[in-house]
Amino acid sequence: MIKINTIEIAGLGSVLKALRLPFGKECRSTGCFTVETFEKDLFITHAHAVINEKDMHLLSTLVKRGDEHAKCIRGLIVYAEIEAPIWFYRELETYRAGRERLSSESTMHIDCKGLSGEELEKTKDEIPSGKVQKTIDMYSYQTLRRIYFQRRNHRLPMWHDFCRWIEGLPYAKELILVEREKQ
């Protein structure tokens with residue numbers, strides 16, 4: 001079983017600003033992305049965007065043409081909390097570019113607390129790969145697109161659950177799920 005909770009999605013303002021840069025044109029979308037307050041050592045950011053229909057069409061068209069054309073969606077980042085078996089994370093390692101593990105539950109501090117030396121090594125070796133572990137990961141939309149098309153028909157049901165989470169992300173239909181144009 002896998003549980004995925006979207007924590008944050010960031011970078012839409014930057015993606016929209018970058019979109020028309022190669023064409024020497026200004027972004028058509030409007031947005032306000034500002035750091036307004038600083039509270040308890042945290043910046044509180046308020047964002048508002050209205051995506052112009054032509055900007056979304058251009059983004060979607062570039063995505064259809066492949067990664068080399070849709071490079072600006074690398075900047076659209078999803079932060080997620082995931083609970084899954086350790087073996088699932090090993091499979092996720094296939095996607096190193098555009099995916100980063102920010103943190104995970106530690107087997108050293110949870111399962112092997114107070115152990116050292118050979119006893120520690122033995123206990124770590126005995127941790128089953130089916131043990132559920134919680135992580136915080138970040139993914140670019142470009143990487144989620146690769147994962148989706150490579151894993152949506154996978155034999156393991158957990159990949160189907162992961163792909164359903166991807167399908168539910170904002171603008172997934174336009175920026176992730178859209179099929180690549182035939183070459």
# chains A, B, ... in the order shown; residues from 1 in each chain; ligands from 1
$ residues_around --residues "stretch 80-86 of chain A" --least-positions-apart "6" --cutoff "7 Å" --atoms "only C-alpha atoms" --output "MDAnalysis selection string"
chainID A and resid 1:7 129:138
$ write_last_selection --atoms "all heavy atoms" --output "compact mmCIF listing (two decimals), in the first residue's frame"
# COMPACT_ATOMS: atom_id res chain seq x y z
N MET A 1 0.84 -1.19 0.00
CA MET A 1 0.00 0.00 0.00
C MET A 1 0.88 1.24 0.00
O MET A 1 1.92 1.29 0.65
CB MET A 1 -0.89 -0.04 1.24
CG MET A 1 -1.60 1.24 1.50
SD MET A 1 -3.31 0.90 1.79
CE MET A 1 -3.92 2.54 1.87
N ILE A 2 0.46 2.25 -0.72
CA ILE A 2 1.18 3.51 -0.80
C ILE A 2 0.23 4.65 -0.44
O ILE A 2 -0.95 4.62 -0.80
CB ILE A 2 1.80 3.72 -2.20
CG1 ILE A 2 2.70 4.95 -2.22
CG2 ILE A 2 0.73 3.82 -3.27
CD1 ILE A 2 3.53 5.08 -3.49
N LYS A 3 0.73 5.61 0.31
CA LYS A 3 -0.02 6.82 0.63
C LYS A 3 0.81 8.00 0.14
O LYS A 3 2.01 8.08 0.41
CB LYS A 3 -0.24 6.96 2.13
CG LYS A 3 -1.14 5.93 2.74
CD LYS A 3 -1.28 6.18 4.23
CE LYS A 3 -2.05 5.06 4.90
NZ LYS A 3 -2.09 5.23 6.36
N ILE A 4 0.17 8.91 -0.58
CA ILE A 4 0.87 10.08 -1.09
C ILE A 4 0.05 11.32 -0.74
O ILE A 4 -1.14 11.38 -1.02
CB ILE A 4 1.06 10.01 -2.62
CG1 ILE A 4 1.70 8.69 -3.02
CG2 ILE A 4 1.90 11.19 -3.11
CD1 ILE A 4 1.68 8.41 -4.50
N ASN A 5 0.72 12.27 -0.14
CA ASN A 5 0.09 13.54 0.23
C ASN A 5 0.89 14.67 -0.41
O ASN A 5 2.07 14.82 -0.13
CB ASN A 5 0.08 13.68 1.76
CG ASN A 5 -0.49 15.00 2.22
OD1 ASN A 5 -1.44 15.52 1.62
ND2 ASN A 5 0.08 15.56 3.25
N THR A 6 0.24 15.43 -1.27
CA THR A 6 0.90 16.58 -1.89
C THR A 6 1.03 17.67 -0.83
O THR A 6 0.04 18.09 -0.23
CB THR A 6 0.09 17.11 -3.08
OG1 THR A 6 -0.10 16.04 -4.01
CG2 THR A 6 0.80 18.27 -3.76
N ILE A 7 2.25 18.12 -0.59
CA ILE A 7 2.51 19.15 0.41
C ILE A 7 2.48 20.54 -0.22
O ILE A 7 1.89 21.47 0.31
CB ILE A 7 3.88 18.92 1.09
CG1 ILE A 7 3.90 17.57 1.79
CG2 ILE A 7 4.21 20.05 2.05
CD1 ILE A 7 5.28 17.16 2.29
N SER A 129 12.43 -5.55 3.18
CA SER A 129 12.20 -4.55 2.13
C SER A 129 10.73 -4.16 2.04
O SER A 129 10.39 -3.17 1.42
CB SER A 129 12.71 -5.04 0.78
OG SER A 129 11.94 -6.13 0.33
N GLY A 130 9.86 -4.92 2.70
CA GLY A 130 8.44 -4.59 2.75
C GLY A 130 8.08 -3.62 3.86
O GLY A 130 6.93 -3.19 3.97
N LYS A 131 9.06 -3.25 4.68
CA LYS A 131 8.80 -2.30 5.77
C LYS A 131 8.38 -0.95 5.17
O LYS A 131 9.00 -0.44 4.25
CB LYS A 131 10.06 -2.10 6.61
CG LYS A 131 9.90 -1.09 7.74
CD LYS A 131 11.23 -0.81 8.39
CE LYS A 131 11.21 0.14 9.56
NZ LYS A 131 10.18 1.09 9.70
N VAL A 132 7.30 -0.40 5.70
CA VAL A 132 6.80 0.89 5.21
C VAL A 132 7.63 2.01 5.84
O VAL A 132 7.89 2.01 7.04
CB VAL A 132 5.30 1.06 5.53
CG1 VAL A 132 4.82 2.46 5.19
CG2 VAL A 132 4.49 0.02 4.77
N GLN A 133 8.03 2.94 4.98
CA GLN A 133 8.86 4.05 5.40
C GLN A 133 8.25 5.35 4.84
O GLN A 133 7.72 5.36 3.74
CB GLN A 133 10.27 3.86 4.86
CG GLN A 133 11.29 4.83 5.39
CD GLN A 133 12.68 4.48 4.89
OE1 GLN A 133 12.87 4.21 3.71
NE2 GLN A 133 13.64 4.48 5.78
N LYS A 134 8.32 6.41 5.62
CA LYS A 134 7.81 7.70 5.20
C LYS A 134 8.96 8.57 4.69
O LYS A 134 10.03 8.60 5.30
CB LYS A 134 7.12 8.42 6.37
CG LYS A 134 6.40 9.69 5.96
CD LYS A 134 5.82 10.43 7.16
CE LYS A 134 4.71 9.64 7.79
NZ LYS A 134 4.04 10.39 8.88
N THR A 135 8.72 9.26 3.56
CA THR A 135 9.72 10.15 2.98
C THR A 135 9.06 11.46 2.56
O THR A 135 7.84 11.53 2.41
CB THR A 135 10.38 9.54 1.73
OG1 THR A 135 9.40 9.42 0.70
CG2 THR A 135 11.02 8.20 2.01
N ILE A 136 9.88 12.47 2.38
CA ILE A 136 9.45 13.71 1.73
C ILE A 136 10.32 13.82 0.48
O ILE A 136 11.55 13.86 0.55
CB ILE A 136 9.66 14.95 2.62
CG1 ILE A 136 8.97 14.79 3.98
CG2 ILE A 136 9.21 16.21 1.88
CD1 ILE A 136 7.46 14.73 3.94
N ASP A 137 9.67 13.82 -0.68
CA ASP A 137 10.36 13.87 -1.96
C ASP A 137 9.89 15.08 -2.76
O ASP A 137 8.79 15.58 -2.54
CB ASP A 137 10.06 12.62 -2.79
CG ASP A 137 10.70 11.36 -2.24
OD1 ASP A 137 11.39 11.43 -1.21
OD2 ASP A 137 10.53 10.30 -2.86
N MET A 138 10.72 15.50 -3.70
CA MET A 138 10.29 16.53 -4.64
C MET A 138 10.49 16.02 -6.05
O MET A 138 11.43 15.25 -6.32
CB MET A 138 11.02 17.85 -4.42
CG MET A 138 12.50 17.82 -4.65
SD MET A 138 13.21 19.45 -4.42
CE MET A 138 14.08 19.58 -5.97
$ closest_residue --among "A:Thr107, A:Thr61, A:Asn153, A:Gln142" --to "A:Glu121" --atoms "only C-alpha atoms"
A:Thr107
$ atom_distance --atom1 "atom CA of A:Arg164" --atom2 "atom CA of A:Ile77"
17.5 Å
$ atom_distance --atom1 "atom CA of A:Tyr95" --atom2 "atom CA of A:Lys71"
16.4 Å
$ closest_residue --among "A:Val78, A:Tyr89, A:Ile110, A:Arg20" --to "A:Leu62" --atoms "only C-alpha atoms"
A:Arg20
$ residues_around --residues "stretch 90-94 of chain A" --least-positions-apart "2" --cutoff "12 Å" --atoms "only C-alpha atoms" --output "MDAnalysis selection string"
chainID A and resid 82 84:88 96:101 129:130 133 137 139 143:144 146:148 150:151 154 156 158:159 162
